[in-house]
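What follows is a set of notes on a single structure, which appears directly below.
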Amino acid sequence: MNESARRSCAKLEHVLSSSPAFQKVDKNFYVVRQGSAYVYILVVEWGDERALVRFVAQLARGVDLTPDLAMKLLRLNSRMRFGAFGFVRDGQCVTFSHTLLGGATLDEAEIFATLRDVALVADEYDDQIVEEAGGQTMQQLLEESALSSLKDHLEHKGWGEA
């Protein structure tokens with residue numbers, strides 16, 4: 001990891017580590033829960049001396065990307081202050097992301113502003129996308145996973161038997 005990426009990681013950890021919603025997943029990968037949104041933060045090297053800090057929120061999975069939805073997302077992109085909607089084929093996932101230049105210029109105010117705005121956009125549009133194109137919001141997926149895990153645990157303990 002170059003010096004700029006190391007500085008970016010150190011800055012993120014310093015700024016966000018006091019929040020109970022912050023979790024370090026790997027040396028350059030973090031997750032922050034904001035409302036019903038989960039914002040993933042990835043620090044990557046850009047050349048030998050620079051780094052990028054990418055903020056990504058998954059809005060919905062299992063989405064049927066129709067031409068109408070694609071056009072709607074492109075129109076929304078043109079109106080966004082910053083950041084952009086995207087689509088990841090693997091998992092049929094609609095995302096919203098924004099990238100900052102890392103290193104010495106990365107500051108606390110822009111980290112908080114980006115985190116807040118990415119989470120707000122995710123919160124605002126996740127239900128609309130699911131209503132229009134199917135799939136599940138990340139909140140729904142997590143709740144479903146938690147219920148399934150609890151059910152499996154109870155059945156393993158013999159509490160789920162009739």
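As shown in the structure tokens, the chain order sets the letters A, B, ...; within each chain, residues go from 1, and ligands are also counted from 1 in the order they appear.
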Q. Quick one: DSSP strand (DSSP E) residues in chain A, as a ChimeraX atom specification?
A. /A:22-26,29-34,37-46,50-61,84-88,93-101,136-137
Selection from above, N, CA and C atoms, as a CSV table (one decimal), in the first residue's frame, can you write it?
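Wrote it out as again-v9.csv, contents follow:
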chain,number,residue,atom,x,y,z
A,22,PHE,N,-19.4,2.2,12.7
A,22,PHE,CA,-18.2,2.0,11.9
A,22,PHE,C,-17.6,0.7,12.1
A,23,GLN,N,-17.2,0.0,11.1
A,23,GLN,CA,-16.5,-1.3,11.2
A,23,GLN,C,-15.4,-1.4,10.2
A,24,LYS,N,-14.2,-1.8,10.7
A,24,LYS,CA,-13.1,-2.0,9.8
A,24,LYS,C,-13.2,-3.5,9.4
A,25,VAL,N,-13.3,-3.8,8.1
A,25,VAL,CA,-13.4,-5.1,7.6
A,25,VAL,C,-12.1,-5.7,7.2
A,26,ASP,N,-11.3,-4.9,6.6
A,26,ASP,CA,-9.9,-5.3,6.1
A,26,ASP,C,-9.0,-4.0,6.2
A,29,PHE,N,-10.7,-1.5,3.8
A,29,PHE,CA,-12.1,-1.7,3.5
A,29,PHE,C,-12.9,-1.5,4.8
A,30,TYR,N,-13.9,-0.7,4.7
A,30,TYR,CA,-14.7,-0.3,5.9
A,30,TYR,C,-16.2,-0.3,5.6
A,31,VAL,N,-17.0,-0.5,6.6
A,31,VAL,CA,-18.5,-0.4,6.5
A,31,VAL,C,-19.0,0.5,7.5
A,32,VAL,N,-20.0,1.4,7.1
A,32,VAL,CA,-20.7,2.3,8.1
A,32,VAL,C,-22.2,2.1,7.8
A,33,ARG,N,-22.9,1.9,8.9
A,33,ARG,CA,-24.4,1.8,8.8
A,33,ARG,C,-24.9,3.2,9.1
A,34,GLN,N,-25.7,3.7,8.1
A,34,GLN,CA,-26.3,5.0,8.3
A,34,GLN,C,-27.8,4.8,8.0
A,37,ALA,N,-29.2,2.3,5.4
A,37,ALA,CA,-28.2,2.1,4.4
A,37,ALA,C,-26.9,1.6,5.0
A,38,TYR,N,-26.2,0.8,4.2
A,38,TYR,CA,-24.8,0.4,4.5
A,38,TYR,C,-23.9,1.0,3.5
A,39,VAL,N,-23.0,1.8,3.9
A,39,VAL,CA,-22.0,2.5,3.0
A,39,VAL,C,-20.7,1.8,3.2
A,40,TYR,N,-20.2,1.2,2.1
A,40,TYR,CA,-18.9,0.6,2.0
A,40,TYR,C,-17.9,1.6,1.6
A,41,ILE,N,-16.7,1.6,2.2
A,41,ILE,CA,-15.6,2.5,1.9
A,41,ILE,C,-14.4,1.7,1.6
A,42,LEU,N,-13.9,1.9,0.4
A,42,LEU,CA,-12.7,1.2,-0.1
A,42,LEU,C,-11.6,2.2,-0.5
A,43,VAL,N,-10.4,2.0,0.1
A,43,VAL,CA,-9.3,2.8,-0.3
A,43,VAL,C,-8.4,2.0,-1.2
A,44,VAL,N,-8.1,2.6,-2.4
A,44,VAL,CA,-7.3,2.0,-3.4
A,44,VAL,C,-6.2,2.9,-3.9
A,45,GLU,N,-5.1,2.3,-4.2
A,45,GLU,CA,-3.9,3.0,-4.8
A,45,GLU,C,-4.3,3.5,-6.2
A,46,TRP,N,-3.8,4.7,-6.5
A,46,TRP,CA,-4.0,5.2,-7.8
A,46,TRP,C,-2.6,5.6,-8.3
A,50,ARG,N,-0.7,8.2,-5.3
A,50,ARG,CA,-2.0,8.7,-5.0
A,50,ARG,C,-2.9,7.6,-4.5
A,51,ALA,N,-4.0,8.0,-4.0
A,51,ALA,CA,-5.1,7.0,-3.6
A,51,ALA,C,-6.4,7.6,-3.8
A,52,LEU,N,-7.4,6.7,-4.0
A,52,LEU,CA,-8.8,7.0,-4.1
A,52,LEU,C,-9.6,6.4,-2.9
A,53,VAL,N,-10.6,7.2,-2.5
A,53,VAL,CA,-11.5,6.7,-1.4
A,53,VAL,C,-12.9,6.6,-2.0
A,54,ARG,N,-13.3,5.4,-2.2
A,54,ARG,CA,-14.6,5.1,-2.9
A,54,ARG,C,-15.7,4.8,-1.8
A,55,PHE,N,-16.8,5.5,-1.9
A,55,PHE,CA,-17.9,5.3,-1.0
A,55,PHE,C,-19.0,4.6,-1.9
A,56,VAL,N,-19.5,3.5,-1.5
A,56,VAL,CA,-20.5,2.8,-2.3
A,56,VAL,C,-21.7,2.3,-1.4
A,57,ALA,N,-22.9,2.6,-1.8
A,57,ALA,CA,-24.1,2.0,-1.1
A,57,ALA,C,-24.8,1.1,-2.1
A,58,GLN,N,-25.1,-0.1,-1.6
A,58,GLN,CA,-26.0,-1.0,-2.4
A,58,GLN,C,-27.4,-0.6,-2.0
A,59,LEU,N,-28.2,-0.2,-3.0
A,59,LEU,CA,-29.6,0.1,-2.8
A,59,LEU,C,-30.5,-1.0,-2.8
A,60,ALA,N,-30.3,-1.9,-3.8
A,60,ALA,CA,-31.2,-3.1,-4.0
A,60,ALA,C,-30.5,-4.2,-4.7
A,61,ARG,N,-30.9,-5.4,-4.4
A,61,ARG,CA,-30.4,-6.6,-5.1
A,61,ARG,C,-31.5,-7.3,-5.7
A,84,ALA,N,-23.0,8.9,-8.4
A,84,ALA,CA,-23.8,8.3,-9.5
A,84,ALA,C,-24.3,7.0,-9.2
A,85,PHE,N,-25.5,6.7,-9.8
A,85,PHE,CA,-26.1,5.4,-9.7
A,85,PHE,C,-25.4,4.5,-10.6
A,86,GLY,N,-25.3,3.2,-10.3
A,86,GLY,CA,-24.7,2.2,-11.1
A,86,GLY,C,-25.5,0.9,-11.0
A,87,PHE,N,-25.1,-0.1,-11.8
A,87,PHE,CA,-25.7,-1.4,-11.8
A,87,PHE,C,-24.6,-2.4,-11.9
A,88,VAL,N,-24.6,-3.4,-11.0
A,88,VAL,CA,-23.6,-4.5,-11.0
A,88,VAL,C,-24.4,-5.8,-11.4
A,93,CYS,N,-27.5,-5.7,-8.8
A,93,CYS,CA,-27.5,-4.8,-7.7
A,93,CYS,C,-27.4,-3.3,-8.3
A,94,VAL,N,-28.3,-2.5,-7.8
A,94,VAL,CA,-28.3,-1.0,-8.0
A,94,VAL,C,-27.5,-0.4,-6.9
A,95,THR,N,-26.5,0.4,-7.3
A,95,THR,CA,-25.6,1.0,-6.3
A,95,THR,C,-25.6,2.6,-6.5
A,96,PHE,N,-25.1,3.2,-5.5
A,96,PHE,CA,-24.8,4.7,-5.6
A,96,PHE,C,-23.5,4.9,-5.0
A,97,SER,N,-22.6,5.6,-5.8
A,97,SER,CA,-21.2,5.7,-5.3
A,97,SER,C,-20.6,7.1,-5.6
A,98,HIS,N,-19.6,7.4,-4.9
A,98,HIS,CA,-18.9,8.6,-5.1
A,98,HIS,C,-17.4,8.4,-4.6
A,99,THR,N,-16.5,9.0,-5.4
A,99,THR,CA,-15.0,8.7,-5.1
A,99,THR,C,-14.4,10.1,-4.8
A,100,LEU,N,-13.5,10.0,-3.7
A,100,LEU,CA,-12.8,11.2,-3.3
A,100,LEU,C,-11.3,10.9,-3.6
A,101,LEU,N,-10.5,12.0,-3.8
A,101,LEU,CA,-9.1,11.9,-3.8
A,101,LEU,C,-8.6,11.7,-2.4
A,136,GLN,N,-34.9,-6.7,-3.6
A,136,GLN,CA,-35.0,-6.4,-2.2
A,136,GLN,C,-34.0,-5.3,-1.8
A,137,THR,N,-34.4,-4.4,-0.9
A,137,THR,CA,-33.5,-3.4,-0.3
A,137,THR,C,-32.5,-4.2,0.5
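Interatomic distance, CA of Ser8 in chain A to CA of Ala113 in chain A: 15.9 Å.
Taking CA of Gly35 in chain A and CA of Phe112 in chain A as endpoints, the distance between them is 14.4 Å.
For the residues A:Glu108, A:Asp48, A:Asp64, A:Asp117, ranking by smallest atom-to-atom distance to Gly83 in chain A using only C-alpha atoms places A:Asp117 first.
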